[in-house]
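A quick write-up on the structure given underneath.
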Amino acid sequence: MAYHKNKEINAAIAYALTQGWIYIKRKGKGHAVGILRCGNEDKCHQKSVWGTPDSPQDHAKDITSLVDKCK
C-alpha cells in the first residue's frame, strides 16, 4: 500500500506498521501528511510524517530509528 510518494518513507511507514505502530493520515493543508503513533500505551511516542522533507532518506531513517527505540 502506498502511504507516501517517496519509496524510502513509504517503506519506513510499512516497517512501523509491522511493529505495531498506527498510521493516521492527516486531512487538510500542512507540512505533515500523517502521524505515526506507537501502539504501546505505556509509552507515548509519535512522529509526524512530512510530505516534502529536505532529505527523504534521513526522514525515513528517523522514523525507523524511533520505531526501533520503542521496542
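Scheme for the C-alpha cells: letters A, B, ... for chains in order shown; per-chain residue numbers from 1; ligand numbers from 1 in order shown.
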Write out as number ranges by chain all residues of chain A that DSSP puts in strand (DSSP E) for this structure's backbone.
-> A: 22-25, 32-37, 46-50
Since we have the selection now, will you write its residues out, keeping C-alpha atoms, as a CSV table (one decimal), in the first residue's frame?
```csv
chain,number,residue,atom,x,y,z
A,22,ILE,CA,-0.6,3.1,13.9
A,23,TYR,CA,-0.6,5.5,10.9
A,24,ILE,CA,-3.1,8.3,10.9
A,25,LYS,CA,-3.4,10.2,7.6
A,32,ALA,CA,2.7,16.8,7.8
A,33,VAL,CA,0.8,14.3,5.7
A,34,GLY,CA,0.4,11.8,8.5
A,35,ILE,CA,1.3,10.8,12.1
A,36,LEU,CA,2.8,7.6,13.3
A,37,ARG,CA,1.9,6.6,16.9
A,46,GLN,CA,4.7,9.7,17.9
A,47,LYS,CA,6.3,11.0,14.7
A,48,SER,CA,5.0,13.4,12.1
A,49,VAL,CA,5.4,12.2,8.6
A,50,TRP,CA,6.3,15.1,6.3
```
Pick out the residues sitting within 8 Å of region 14-17 of chain A, and hand them over as a PyMOL selection string; count only C-alpha atoms, and ignore anything fewer than 2 positions along from it in its own chain.
-> chain A and resi 10-12+19-23+36+63-64+67
Can you pull out every residue from chain A that DSSP, working from the backbone, puts in helix (DSSP H, G or I), and format the result as an mmCIF file with N, CA and C atoms, in the first residue's frame?
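Final output, result.cif:
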```cif
data_model
loop_
_atom_site.group_PDB
_atom_site.id
_atom_site.type_symbol
_atom_site.label_atom_id
_atom_site.label_comp_id
_atom_site.auth_asym_id
_atom_site.auth_seq_id
_atom_site.Cartn_x
_atom_site.Cartn_y
_atom_site.Cartn_z
ATOM 1 N N LYS A 7 9.584 6.381 -1.868
ATOM 2 C CA LYS A 7 9.679 4.946 -1.574
ATOM 3 C C LYS A 7 10.372 4.648 -0.251
ATOM 4 N N GLU A 8 11.381 5.440 0.148
ATOM 5 C CA GLU A 8 12.067 5.198 1.417
ATOM 6 C C GLU A 8 11.143 5.478 2.601
ATOM 7 N N ILE A 9 10.416 6.586 2.527
ATOM 8 C CA ILE A 9 9.486 6.929 3.609
ATOM 9 C C ILE A 9 8.334 5.935 3.638
ATOM 10 N N ASN A 10 7.856 5.533 2.478
ATOM 11 C CA ASN A 10 6.793 4.538 2.406
ATOM 12 C C ASN A 10 7.236 3.227 3.061
ATOM 13 N N ALA A 11 8.463 2.813 2.805
ATOM 14 C CA ALA A 11 8.992 1.586 3.414
ATOM 15 C C ALA A 11 9.128 1.744 4.928
ATOM 16 N N ALA A 12 9.529 2.927 5.391
ATOM 17 C CA ALA A 12 9.662 3.172 6.830
ATOM 18 C C ALA A 12 8.296 3.115 7.515
ATOM 19 N N ILE A 13 7.275 3.654 6.868
ATOM 20 C CA ILE A 13 5.920 3.588 7.426
ATOM 21 C C ILE A 13 5.453 2.138 7.480
ATOM 22 N N ALA A 14 5.685 1.391 6.417
ATOM 23 C CA ALA A 14 5.299 -0.023 6.385
ATOM 24 C C ALA A 14 6.014 -0.797 7.493
ATOM 25 N N TYR A 15 7.297 -0.494 7.723
ATOM 26 C CA TYR A 15 8.050 -1.140 8.805
ATOM 27 C C TYR A 15 7.425 -0.815 10.155
ATOM 28 N N ALA A 16 7.076 0.457 10.369
ATOM 29 C CA ALA A 16 6.464 0.862 11.637
ATOM 30 C C ALA A 16 5.156 0.106 11.874
ATOM 31 N N LEU A 17 4.379 -0.069 10.833
ATOM 32 C CA LEU A 17 3.110 -0.782 10.970
ATOM 33 C C LEU A 17 3.329 -2.241 11.355
ATOM 34 N N THR A 18 4.387 -2.862 10.834
ATOM 35 C CA THR A 18 4.669 -4.257 11.205
ATOM 36 C C THR A 18 5.101 -4.374 12.656
ATOM 37 N N PRO A 56 14.496 13.028 2.198
ATOM 38 C CA PRO A 56 13.606 11.895 2.430
ATOM 39 C C PRO A 56 14.309 10.689 3.056
ATOM 40 N N GLN A 57 15.567 10.457 2.667
ATOM 41 C CA GLN A 57 16.308 9.326 3.226
ATOM 42 C C GLN A 57 16.530 9.514 4.728
ATOM 43 N N ASP A 58 16.893 10.722 5.137
ATOM 44 C CA ASP A 58 17.095 10.991 6.565
ATOM 45 C C ASP A 58 15.779 10.905 7.334
ATOM 46 N N HIS A 59 14.701 11.371 6.741
ATOM 47 C CA HIS A 59 13.392 11.305 7.397
ATOM 48 C C HIS A 59 12.985 9.846 7.603
ATOM 49 N N ALA A 60 13.226 9.010 6.601
ATOM 50 C CA ALA A 60 12.919 7.584 6.718
ATOM 51 C C ALA A 60 13.767 6.940 7.814
ATOM 52 N N LYS A 61 15.047 7.316 7.900
ATOM 53 C CA LYS A 61 15.920 6.787 8.957
ATOM 54 C C LYS A 61 15.441 7.228 10.329
ATOM 55 N N ASP A 62 14.972 8.470 10.443
ATOM 56 C CA ASP A 62 14.437 8.965 11.714
ATOM 57 C C ASP A 62 13.226 8.145 12.157
ATOM 58 N N ILE A 63 12.369 7.811 11.211
ATOM 59 C CA ILE A 63 11.178 7.016 11.525
ATOM 60 C C ILE A 63 11.577 5.633 12.024
ATOM 61 N N THR A 64 12.435 4.938 11.276
ATOM 62 C CA THR A 64 12.822 3.582 11.683
ATOM 63 C C THR A 64 13.610 3.592 12.986
ATOM 64 N N SER A 65 14.401 4.624 13.210
ATOM 65 C CA SER A 65 15.160 4.731 14.454
ATOM 66 C C SER A 65 14.226 4.863 15.656
ATOM 67 N N LEU A 66 13.209 5.701 15.546
ATOM 68 C CA LEU A 66 12.263 5.871 16.649
ATOM 69 C C LEU A 66 11.485 4.586 16.897
ATOM 70 N N VAL A 67 11.100 3.907 15.829
ATOM 71 C CA VAL A 67 10.379 2.638 15.971
ATOM 72 C C VAL A 67 11.255 1.624 16.699
ATOM 73 N N ASP A 68 12.530 1.538 16.336
ATOM 74 C CA ASP A 68 13.438 0.587 16.980
ATOM 75 C C ASP A 68 13.679 0.925 18.448
ATOM 76 N N LYS A 69 13.718 2.201 18.794
ATOM 77 C CA LYS A 69 13.923 2.611 20.188
ATOM 78 C C LYS A 69 12.717 2.286 21.061
#
```
Record the distance separating CA of Pro53 (chain A) and CA of Asn6 (chain A), expressed in Å with one decimal.
->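 Going from CA of Pro53 (chain A) over to CA of Asn6 (chain A) covers 10.0 Å.
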Interatomic distance, CA of Gly30 (chain A) to CA of His4 (chain A) (Å, one decimal) |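 The value is 14.8 Å.
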CA of Lys5 (chain A) sits from CA of Asn40 (chain A) at a separation of 27.4 Å
Between A:Ser55, A:Arg26, A:His31, A:Cys38, smallest distance to Tyr3 (chain A) by only C-alpha atoms belongs to A:Arg26
